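Down below is the structure, laid out as C-alpha cells.
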Amino acid sequence: MATGPMKTIGAGEIRTDQVGDTVTLAGWVARRRDHGGVIFIDLRDASGIVQVVLNPEDAPADDDVLHGLRSEYCIQVTGTVRPRPDGTVNSALPTGEVEVVAGGLNVLSPSAALPFQIDERVDIDESKRLQYRYLDMRRTRMAENLKARSKAIGAMRRVMDRDGFLEVETPTLIASTPEGARDMLVPSRLRPGKFYALPQSPQLFKQLLMIGGVERYYQVAKCYRDEDFRADRQIEFTQLDLEGSFWGQEDVLQVLEQIVAEVVKELRDEEVALPFLRMTHSDAMERFGTDKPDLRFGMEITDLSAIFADTQFKAFAGVLESGGTVRGINGGQLELSRSGLDGLVARAQELGAKGLVWMVVEEGGTLRSPVAKFLSESEIEGVRTALAAGAGDTLLIAADETVAVAKLLGQIRLDVGRPEGNDELAFAFVVDFPVFDVNEDGSLSPAHHPFTDPGDVATLVNSPETAVSKAYDLVLNGSELGSGSVRIHDPEVQAKVFEVMDISDEDAESRFGWFLEALRYGTPPHAGFAIGIDRFVSILRNEPNIREIIPFPKTQTGADPLTGSPSRVDEQQLDELGIDIRPEVVVSWAEEEGVDQG
Ligand code: ASP
C-alpha cells in the first residue's frame with residue numbers, strides 16, 4: 001500500500017520478514033485491551049490489522065494519552081517489529097506471528113462515541129449503517145466489497161483496453177430517451193419550464209459515437225431510472241456500457257465472455273468455462289418459465305398437455321379446451337408433510353395462480369394426490385414417464401394459460417429447487433428475444449428499447465407478437481446481468497419501429513428527430529451491451545443485495561439517510577426555476593411516510 005511521511009508500511013503488511021525493523025504506522029484503534037499496565041491495541045488501516053503493544057515503561061506517550069485511547073481514534077505509532085511470544089500467535093490474522101512494540105504514539109484525531117461497534121460480528125440495522133456509511137466501511141465486509149468492486153472495474157478496463165476500445169464519457173444532462181422506465185428530471189434555470197433528463201443509459205450517445213466513427217466504445221456509466229423501489233433496484237446504478245461497429249451479435253457475446261472471465265478470475269481466482277451456453281428466449285420460457293433461468297439445477301418444466309388431451313379431470317380439461325396448457329416439474333425428494341404440500345399450493349395462490357396440483361409418487365408407482373381419483377391409469381403412467389418420476393418424488397403441476405403457467409412454475413421451481421449456499425456460477429446468454437412481451441391479458445409491451453434490430457420488418461408489421469429481435473441478455477444464477485442488441489442502422493426501419501411501438505410520427509420527430517437525422521449519414525451496422533456492475537459484483541461476492549456493493553446507496557424508499565436526500569430546496573431556488581410546489585403533493589407523501597412536513 002502507498003506509504004509516505006506519515007507511515008512506512010501498511011499495518012496488514014507486516015510479516016516475520018520485518019522482525020527487528022523500526023516501522024511507522026498510521027490507522028485506527030480497532031480494539032484495545034487495557035490491563036492497567038500494558039495496553040494492547042489492534043491497529044487497523046486499509047491494508048489490514050496488526051497488534052501493537054503499548055508498554056507504559058517504554059513511555060511511548062503520556063499516561064493520560066495512553067489510557068485515554070478509545071475505539072476508532074486515529075493514531076500514529078512508531079515501534080519495533082518483534083515475533084509474538086510463544087503461545088500468543090494468532091493464525092487467523094495474516095500478521096498474527098508478529099507485533100509492534102511502540103516507542104512513540106501520536107493521536108492524530110480522537111473519535112466521538114460511536115453509533116455502533118465497528119465489528120463484523122455485530123448485527124447493525126441497515127439504516128444505521130447507511131446513515132454512518134463512512135464508519136460502516138471501516139468494517140471488513142464493506143471494505144472488502146469496495147475493493148472487489150474496484151478490482152472488477154479494473155479487470156473490465158483491462159479487457160476493453162486490450163481489445164482497443166476507446167473510453168468515452170457521454171453527458172448526464174440530456175434529452176429524455178426511452179429505455180422503458182421513467183426519467184429523472186432536472187429543471188433548467190436558464191430555460192424555465194424546460195428539463196434535462198438524467199440518462200437511463202448512454203444508449204443514443206453510444207450509437208452516435210458509432211456514427212461518428214469510433215468503432216469500439218466503452219464507459220463505466222452511471223444510469224438513472226425513476227422506478228418504484230424493489231429489493232434489488234436502485235434509482236442510480238452503474239453499467240459497463242459498450243458498443244462496436246461492423247459487429248454482429250456473436251462478436252458482442254464473445255467480448256462479454258472475455259470480460260466475465262477476467263472479472264471472475266480477478267475476484268474469485270476461478271476459470272470460467274467458455275463459451276457460455278446460448279439459449280433462445282422461447283427455449284428458456286418453455287423449459288424454465290423465465291427469461292433468466294437459474295441453470296445451477298435442472299428441474300425443467302415439462303408440457304403434459306398431450307397426456308391430458310382426453311382427461312375426465314374437469315379442471316385440466318377446461319383449461320385445455322380454452323387453449324391453455326398443463327405443465328409440471330419434478331421437484332424430486334422434497335419429503336414434505338401434508339401441510340408443507342398445502343403450503344406450496346398457498347404459495348402458488350399468493351403468486352396469483354388459481355392453484356397448483358401436487359402428486360407424490362409412492363412405492364409401486366401409485367400417486368398420492370388430492371386429484372389422483374380423477375386421473376386414469378394411463379394419465380398417471382404418462383405423467384410419471386414424462387417427468388421421469390421415481391418413488392418419493394413430488395410432482396407439481398399447473399394448468400392455465402401458457403404465460404401464467406410459465407410464470408408460476410418458473411417461481412415454484414426456484415422455491416423448491418434453488419440450491420442454498422451453492423457457490424457455483426452458471427452463466428448463459430439468452431438470445432432471440434421477442435420484440436414484444438405478451439402480457440397475461442394478451443396485450444403487447446416492448447421487450448427492449450426501440451433501437452433494437454427487430455429482425456424481419458414484414459413480420460414486425462403483420463404479426464408483431466411473433467417478431468423476434470436481435471436482442472440478448474447475459475444471465476447468471478437466475479439474475480439478469482445485462483442486456484444488449486444489434487441496433488437498427490437504417491432510418492426507414494427505425495421509423496417503422498417507432499410506428500409499430502405506437503410512437504407517433506410527430507412524437508418520434510420531436511423527441512428523436514435528431515437521431516433519425518443522424519442515422520441518415522452512413523451509419524455503420526453496430527451492436528452493443530451493458531453489464532450491471534453492482535449486480536455482477538454482488539453475486540460474485542455472495543451478497544444478497546446490490547446495496548452492499550454500492551458505496552453510498554439509497555434505501556428502499558429512495559432516501560439517503562446520510563445526506564438527507566431527497567431534500568427540500570430554498571424558495572429562491574424554486575423561484576429561479578419557475579417552479580411552484582403544490583402543497584397537497586407534499587402533504588400526501590409526508591403522511592404516507594409519517595414525517596413532519598417542516
Ligand atoms: N442501453 C441498454 C440498457 O441499459 C443496453 C444496451 O442495449 O446496450 O439496458
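Chain lettering (A, B, ...) mirrors the order of the C-alpha cells, residue numbering begins at 1 for each chain separately, and ligand numbering begins at 1 in order of display.
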### Task
Would you mind listing the residues within 9 Å of ligand 1, counting only C-alpha atoms and all ligand atoms, as a PyMOL selection string?
chain A and resi 179+200-204+206+223+239+241-243+448-449+451-452+471-472+482-487+527-532
Please provide as an mmCIF file with C-alpha atoms, in the first residue's frame all residues within 8 Å of range 286-294 of chain A, with the sequence filter that same-chain residues fewer than 6 positions apart are discarded (counting only C-alpha atoms).
data_model
loop_
_atom_site.group_PDB
_atom_site.id
_atom_site.type_symbol
_atom_site.label_atom_id
_atom_site.label_comp_id
_atom_site.auth_asym_id
_atom_site.auth_seq_id
_atom_site.Cartn_x
_atom_site.Cartn_y
_atom_site.Cartn_z
ATOM 1 C CA GLU A 300 -37.147 -28.395 -16.057
ATOM 2 C CA ILE A 301 -40.750 -27.638 -16.874
ATOM 3 C CA THR A 302 -42.416 -30.337 -18.996
ATOM 4 C CA VAL A 405 -48.163 -21.389 -16.131
ATOM 5 C CA ALA A 406 -44.617 -20.412 -17.105
ATOM 6 C CA LYS A 407 -44.569 -17.658 -14.517
ATOM 7 C CA LEU A 408 -45.936 -19.888 -11.776
ATOM 8 C CA LEU A 409 -43.815 -22.974 -12.387
ATOM 9 C CA GLY A 410 -40.751 -20.804 -13.017
ATOM 10 C CA GLN A 411 -41.096 -19.409 -9.500
ATOM 11 C CA ARG A 413 -39.062 -24.307 -9.438
ATOM 12 C CA LEU A 414 -36.854 -21.695 -7.747
ATOM 13 C CA ARG A 418 -32.744 -23.458 -5.792
ATOM 14 C CA ALA A 426 -23.942 -20.694 -14.122
ATOM 15 C CA VAL A 430 -30.487 -15.780 -23.647
ATOM 16 C CA VAL A 475 -27.804 -14.336 -17.165
ATOM 17 C CA LEU A 476 -26.045 -15.554 -14.029
ATOM 18 C CA ASN A 477 -27.671 -17.856 -11.464
ATOM 19 C CA GLY A 478 -31.171 -16.627 -12.229
ATOM 20 C CA SER A 479 -30.299 -12.918 -12.381
ATOM 21 C CA GLU A 480 -30.069 -10.745 -15.453
#
#### Entry: Contacts of Ile550 in chain A within 9 Å, only C-alpha atoms, excl. fewer than 2 positions in-chain, as an MDAnalysis selection string
chainID A and resid 145:146 149 237 534 546:548 552:553
Restricting the output to C-alpha atoms, write the selected residues as an mmCIF file, in the first residue's frame.
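File produced: out_16.cif:
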data_model
loop_
_atom_site.group_PDB
_atom_site.id
_atom_site.type_symbol
_atom_site.label_atom_id
_atom_site.label_comp_id
_atom_site.auth_asym_id
_atom_site.auth_seq_id
_atom_site.Cartn_x
_atom_site.Cartn_y
_atom_site.Cartn_z
ATOM 1 C CA ASN A 145 -16.723 -5.134 -1.121
ATOM 2 C CA LEU A 146 -15.297 -1.767 -2.125
ATOM 3 C CA ARG A 149 -15.805 -3.520 -6.924
ATOM 4 C CA PHE A 237 -26.633 2.385 -10.730
ATOM 5 C CA ASP A 534 -23.447 -3.604 -8.980
ATOM 6 C CA ILE A 546 -26.680 -4.650 -4.500
ATOM 7 C CA ARG A 547 -26.678 -2.039 -1.719
ATOM 8 C CA GLU A 548 -23.771 -3.967 -0.190
ATOM 9 C CA PHE A 552 -23.343 5.179 -0.883
ATOM 10 C CA PRO A 553 -26.662 3.615 -1.870
#
Might you pull out every residue within 8 Å of range 335-349 of chain A, with only C-alpha atoms counted and same-chain residues fewer than 6 positions away left off, and present them as a tab-separated table (two decimals) with C-alpha atoms, in the first residue's frame?
chain	number	residue	atom	x	y	z
A	355	GLY	CA	-53.93	-23.42	-7.95
A	356	LEU	CA	-51.22	-25.99	-8.06
A	357	VAL	CA	-51.64	-29.75	-8.11
A	358	TRP	CA	-49.20	-31.86	-6.11
A	392	GLY	CA	-40.67	-40.44	-3.28
A	394	THR	CA	-43.02	-34.78	-5.55
A	408	LEU	CA	-45.94	-19.89	-11.78
A	412	ILE	CA	-42.09	-22.69	-7.81
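Excluding Ala309 in chain A and any residue on its chain fewer than 4 positions from it, the residues at most 8 Å away by only C-alpha atoms are A:Ser305, A:Ala317, A:Leu320.
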If DSSP is run on the backbone, what residues of range 285-404 of chain A are alpha helix (DSSP H)? A reply as a PDB file with N, CA and C atoms, in the first residue's frame would be ideal.
ATOM      1  N   MET A 285     -38.140 -19.843 -21.775  1.00  0.00           N
ATOM      2  CA  MET A 285     -39.500 -19.733 -21.239  1.00  0.00           C
ATOM      3  C   MET A 285     -40.154 -21.109 -21.119  1.00  0.00           C
ATOM      4  N   GLU A 286     -39.975 -21.940 -22.162  1.00  0.00           N
ATOM      5  CA  GLU A 286     -40.569 -23.295 -22.152  1.00  0.00           C
ATOM      6  C   GLU A 286     -40.014 -24.128 -21.012  1.00  0.00           C
ATOM      7  N   ARG A 287     -38.694 -24.135 -20.916  1.00  0.00           N
ATOM      8  CA  ARG A 287     -38.052 -25.092 -20.001  1.00  0.00           C
ATOM      9  C   ARG A 287     -37.921 -24.584 -18.572  1.00  0.00           C
ATOM     10  N   PHE A 288     -37.835 -23.247 -18.421  1.00  0.00           N
ATOM     11  CA  PHE A 288     -37.588 -22.712 -17.077  1.00  0.00           C
ATOM     12  C   PHE A 288     -38.612 -21.669 -16.631  1.00  0.00           C
ATOM     13  N   LYS A 314     -61.912 -32.370 -14.714  1.00  0.00           N
ATOM     14  CA  LYS A 314     -62.525 -31.163 -15.279  1.00  0.00           C
ATOM     15  C   LYS A 314     -61.600 -29.948 -15.291  1.00  0.00           C
ATOM     16  N   ALA A 315     -60.855 -29.784 -14.206  1.00  0.00           N
ATOM     17  CA  ALA A 315     -60.011 -28.584 -14.124  1.00  0.00           C
ATOM     18  C   ALA A 315     -59.018 -28.541 -15.286  1.00  0.00           C
ATOM     19  N   PHE A 316     -58.405 -29.687 -15.592  1.00  0.00           N
ATOM     20  CA  PHE A 316     -57.439 -29.726 -16.699  1.00  0.00           C
ATOM     21  C   PHE A 316     -58.162 -29.629 -18.048  1.00  0.00           C
ATOM     22  N   ALA A 317     -59.263 -30.385 -18.161  1.00  0.00           N
ATOM     23  CA  ALA A 317     -59.988 -30.409 -19.441  1.00  0.00           C
ATOM     24  C   ALA A 317     -60.423 -29.002 -19.839  1.00  0.00           C
ATOM     25  N   GLY A 318     -60.958 -28.269 -18.848  1.00  0.00           N
ATOM     26  CA  GLY A 318     -61.448 -26.912 -19.124  1.00  0.00           C
ATOM     27  C   GLY A 318     -60.336 -26.008 -19.644  1.00  0.00           C
ATOM     28  N   VAL A 319     -59.198 -26.083 -18.983  1.00  0.00           N
ATOM     29  CA  VAL A 319     -58.069 -25.232 -19.382  1.00  0.00           C
ATOM     30  C   VAL A 319     -57.617 -25.578 -20.797  1.00  0.00           C
ATOM     31  N   LEU A 320     -57.530 -26.904 -21.079  1.00  0.00           N
ATOM     32  CA  LEU A 320     -57.043 -27.316 -22.407  1.00  0.00           C
ATOM     33  C   LEU A 320     -58.031 -26.907 -23.493  1.00  0.00           C
ATOM     34  N   GLU A 321     -59.321 -27.040 -23.189  1.00  0.00           N
ATOM     35  CA  GLU A 321     -60.337 -26.638 -24.176  1.00  0.00           C
ATOM     36  C   GLU A 321     -60.226 -25.167 -24.536  1.00  0.00           C
ATOM     37  N   ARG A 338     -48.071 -33.048   4.771  1.00  0.00           N
ATOM     38  CA  ARG A 338     -49.282 -32.560   4.128  1.00  0.00           C
ATOM     39  C   ARG A 338     -49.348 -31.030   4.213  1.00  0.00           C
ATOM     40  N   SER A 339     -48.987 -30.488   5.362  1.00  0.00           N
ATOM     41  CA  SER A 339     -49.109 -29.025   5.471  1.00  0.00           C
ATOM     42  C   SER A 339     -48.025 -28.338   4.627  1.00  0.00           C
ATOM     43  N   GLY A 340     -46.884 -29.008   4.471  1.00  0.00           N
ATOM     44  CA  GLY A 340     -45.850 -28.454   3.585  1.00  0.00           C
ATOM     45  C   GLY A 340     -46.356 -28.399   2.153  1.00  0.00           C
ATOM     46  N   LEU A 341     -47.039 -29.468   1.731  1.00  0.00           N
ATOM     47  CA  LEU A 341     -47.583 -29.508   0.372  1.00  0.00           C
ATOM     48  C   LEU A 341     -48.670 -28.441   0.202  1.00  0.00           C
ATOM     49  N   ASP A 342     -49.533 -28.325   1.221  1.00  0.00           N
ATOM     50  CA  ASP A 342     -50.567 -27.292   1.156  1.00  0.00           C
ATOM     51  C   ASP A 342     -49.934 -25.902   1.120  1.00  0.00           C
ATOM     52  N   GLY A 343     -48.781 -25.784   1.779  1.00  0.00           N
ATOM     53  CA  GLY A 343     -48.048 -24.513   1.765  1.00  0.00           C
ATOM     54  C   GLY A 343     -47.642 -24.136   0.342  1.00  0.00           C
ATOM     55  N   LEU A 344     -47.273 -25.130  -0.453  1.00  0.00           N
ATOM     56  CA  LEU A 344     -46.908 -24.848  -1.845  1.00  0.00           C
ATOM     57  C   LEU A 344     -48.121 -24.351  -2.641  1.00  0.00           C
ATOM     58  N   VAL A 345     -49.272 -24.945  -2.340  1.00  0.00           N
ATOM     59  CA  VAL A 345     -50.489 -24.508  -3.027  1.00  0.00           C
ATOM     60  C   VAL A 345     -50.795 -23.057  -2.631  1.00  0.00           C
ATOM     61  N   ALA A 346     -50.644 -22.777  -1.340  1.00  0.00           N
ATOM     62  CA  ALA A 346     -50.895 -21.415  -0.865  1.00  0.00           C
ATOM     63  C   ALA A 346     -49.918 -20.440  -1.524  1.00  0.00           C
ATOM     64  N   ARG A 347     -48.676 -20.872  -1.649  1.00  0.00           N
ATOM     65  CA  ARG A 347     -47.654 -20.034  -2.291  1.00  0.00           C
ATOM     66  C   ARG A 347     -48.049 -19.735  -3.744  1.00  0.00           C
ATOM     67  N   ALA A 348     -48.568 -20.775  -4.441  1.00  0.00           N
ATOM     68  CA  ALA A 348     -48.994 -20.582  -5.828  1.00  0.00           C
ATOM     69  C   ALA A 348     -50.108 -19.539  -5.883  1.00  0.00           C
ATOM     70  N   GLN A 349     -51.028 -19.628  -4.915  1.00  0.00           N
ATOM     71  CA  GLN A 349     -52.132 -18.659  -4.912  1.00  0.00           C
ATOM     72  C   GLN A 349     -51.625 -17.260  -4.622  1.00  0.00           C
ATOM     73  N   GLU A 350     -50.658 -17.204  -3.732  1.00  0.00           N
ATOM     74  CA  GLU A 350     -50.054 -15.904  -3.409  1.00  0.00           C
ATOM     75  C   GLU A 350     -49.400 -15.304  -4.660  1.00  0.00           C
ATOM     76  N   GLU A 377     -55.404 -44.545 -15.278  1.00  0.00           N
ATOM     77  CA  GLU A 377     -54.115 -45.252 -15.174  1.00  0.00           C
ATOM     78  C   GLU A 377     -53.114 -44.715 -16.192  1.00  0.00           C
ATOM     79  N   SER A 378     -53.603 -44.524 -17.432  1.00  0.00           N
ATOM     80  CA  SER A 378     -52.648 -44.124 -18.474  1.00  0.00           C
ATOM     81  C   SER A 378     -52.174 -42.691 -18.262  1.00  0.00           C
ATOM     82  N   GLU A 379     -53.026 -41.844 -17.688  1.00  0.00           N
ATOM     83  CA  GLU A 379     -52.579 -40.477 -17.395  1.00  0.00           C
ATOM     84  C   GLU A 379     -51.491 -40.490 -16.311  1.00  0.00           C
ATOM     85  N   ILE A 380     -51.736 -41.316 -15.286  1.00  0.00           N
ATOM     86  CA  ILE A 380     -50.747 -41.415 -14.204  1.00  0.00           C
ATOM     87  C   ILE A 380     -49.419 -41.929 -14.753  1.00  0.00           C
ATOM     88  N   GLU A 381     -49.519 -42.974 -15.573  1.00  0.00           N
ATOM     89  CA  GLU A 381     -48.323 -43.547 -16.185  1.00  0.00           C
ATOM     90  C   GLU A 381     -47.619 -42.489 -17.057  1.00  0.00           C
ATOM     91  N   GLY A 382     -48.436 -41.755 -17.828  1.00  0.00           N
ATOM     92  CA  GLY A 382     -47.890 -40.724 -18.725  1.00  0.00           C
ATOM     93  C   GLY A 382     -47.139 -39.656 -17.952  1.00  0.00           C
ATOM     94  N   VAL A 383     -47.713 -39.199 -16.842  1.00  0.00           N
ATOM     95  CA  VAL A 383     -47.077 -38.144 -16.043  1.00  0.00           C
ATOM     96  C   VAL A 383     -45.762 -38.661 -15.455  1.00  0.00           C
ATOM     97  N   ARG A 384     -45.826 -39.901 -14.926  1.00  0.00           N
ATOM     98  CA  ARG A 384     -44.605 -40.459 -14.316  1.00  0.00           C
ATOM     99  C   ARG A 384     -43.475 -40.547 -15.340  1.00  0.00           C
ATOM    100  N   THR A 385     -43.825 -40.997 -16.548  1.00  0.00           N
ATOM    101  CA  THR A 385     -42.793 -41.138 -17.576  1.00  0.00           C
ATOM    102  C   THR A 385     -42.281 -39.776 -18.021  1.00  0.00           C
ATOM    103  N   ALA A 386     -43.226 -38.860 -18.297  1.00  0.00           N
ATOM    104  CA  ALA A 386     -42.814 -37.543 -18.820  1.00  0.00           C
ATOM    105  C   ALA A 386     -41.916 -36.820 -17.824  1.00  0.00           C
ATOM    106  N   THR A 402     -50.748 -20.211 -21.106  1.00  0.00           N
ATOM    107  CA  THR A 402     -49.311 -20.522 -21.155  1.00  0.00           C
ATOM    108  C   THR A 402     -48.420 -19.560 -20.358  1.00  0.00           C
ATOM    109  N   VAL A 403     -48.655 -18.242 -20.513  1.00  0.00           N
ATOM    110  CA  VAL A 403     -47.786 -17.268 -19.834  1.00  0.00           C
ATOM    111  C   VAL A 403     -47.901 -17.425 -18.312  1.00  0.00           C
ATOM    112  N   ALA A 404     -49.131 -17.641 -17.845  1.00  0.00           N
ATOM    113  CA  ALA A 404     -49.356 -17.766 -16.397  1.00  0.00           C
ATOM    114  C   ALA A 404     -48.689 -19.024 -15.846  1.00  0.00           C
TER     115      ALA A 404
END
Skipping near chain neighbours, those fewer than 5 positions away, what residues fall within 12 Å of range 269-275 of chain A using only C-alpha atoms, listed as a short mmCIF file (atom, residue, chain, number, x, y, z; two decimals) with N, CA and C atoms, in the first residue's frame?
data_model
loop_
_atom_site.label_atom_id
_atom_site.label_comp_id
_atom_site.auth_asym_id
_atom_site.auth_seq_id
_atom_site.Cartn_x
_atom_site.Cartn_y
_atom_site.Cartn_z
N GLU A 250 -22.69 -12.20 -32.30
CA GLU A 250 -21.69 -13.13 -31.79
C GLU A 250 -20.42 -12.38 -31.35
N LEU A 253 -21.10 -11.09 -27.90
CA LEU A 253 -21.13 -12.16 -26.88
C LEU A 253 -19.72 -12.62 -26.55
N GLN A 254 -18.87 -12.67 -27.56
CA GLN A 254 -17.50 -13.14 -27.29
C GLN A 254 -16.70 -12.14 -26.45
N VAL A 255 -16.90 -10.87 -26.71
CA VAL A 255 -16.22 -9.87 -25.86
C VAL A 255 -16.74 -9.98 -24.42
N LEU A 256 -18.05 -10.17 -24.30
CA LEU A 256 -18.62 -10.30 -22.95
C LEU A 256 -18.03 -11.49 -22.22
N GLU A 257 -17.84 -12.58 -22.94
CA GLU A 257 -17.24 -13.77 -22.30
C GLU A 257 -15.85 -13.43 -21.77
N GLN A 258 -15.09 -12.66 -22.55
CA GLN A 258 -13.75 -12.29 -22.10
C GLN A 258 -13.81 -11.43 -20.84
N ILE A 259 -14.76 -10.49 -20.85
CA ILE A 259 -14.90 -9.59 -19.70
C ILE A 259 -15.27 -10.39 -18.45
N VAL A 260 -16.27 -11.25 -18.60
CA VAL A 260 -16.75 -12.03 -17.45
C VAL A 260 -15.62 -12.92 -16.92
N ALA A 261 -14.90 -13.57 -17.85
CA ALA A 261 -13.83 -14.47 -17.43
C ALA A 261 -12.78 -13.71 -16.63
N GLU A 262 -12.44 -12.50 -17.11
CA GLU A 262 -11.40 -11.70 -16.44
C GLU A 262 -11.86 -11.27 -15.04
N VAL A 263 -13.13 -10.89 -14.94
CA VAL A 263 -13.64 -10.42 -13.65
C VAL A 263 -13.71 -11.59 -12.65
N VAL A 264 -14.19 -12.73 -13.12
CA VAL A 264 -14.30 -13.89 -12.21
C VAL A 264 -12.91 -14.33 -11.76
N ASP A 423 -22.17 -22.18 -4.46
CA ASP A 423 -21.26 -21.14 -4.88
C ASP A 423 -20.97 -21.15 -6.37
N GLU A 424 -21.56 -22.13 -7.05
CA GLU A 424 -21.29 -22.31 -8.47
C GLU A 424 -21.76 -21.08 -9.27
N LEU A 425 -21.15 -20.86 -10.42
CA LEU A 425 -21.60 -19.76 -11.27
C LEU A 425 -22.11 -20.36 -12.58
N ALA A 426 -23.39 -20.15 -12.87
CA ALA A 426 -23.94 -20.69 -14.12
C ALA A 426 -24.34 -19.53 -15.04
N PHE A 427 -23.44 -19.25 -15.99
CA PHE A 427 -23.69 -18.16 -16.94
C PHE A 427 -24.40 -18.69 -18.18
N ALA A 428 -25.20 -17.85 -18.80
CA ALA A 428 -25.77 -18.20 -20.10
C ALA A 428 -26.20 -16.93 -20.82
N PHE A 429 -26.20 -16.99 -22.14
CA PHE A 429 -26.80 -15.91 -22.92
C PHE A 429 -28.18 -16.37 -23.33
N LEU A 540 -20.99 -12.23 -7.31
CA LEU A 540 -19.67 -12.84 -7.12
C LEU A 540 -19.23 -12.80 -5.66
#
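Taking only C-alpha atoms into account, Ala197 in chain A lies nearest to A:Arg182 out of the set A:Arg182, A:Lys373, A:Arg141, A:Arg278.
Secondary structure of range 225-318 of chain A, strand (DSSP E) only (DSSP, backbone atoms): Glu236, Phe237, Thr238, Gln239, Leu240, Asp241, Leu242, Glu243, Gly244, Ser245, Leu277, Arg278, Met279, Thr280, Thr302 and Asp303 of chain A.
Counting only C-alpha atoms, the residue from A:Ile14, A:Met501, A:Met160, A:Ala113 that sits nearest to Glu99 in chain A is A:Ile14.
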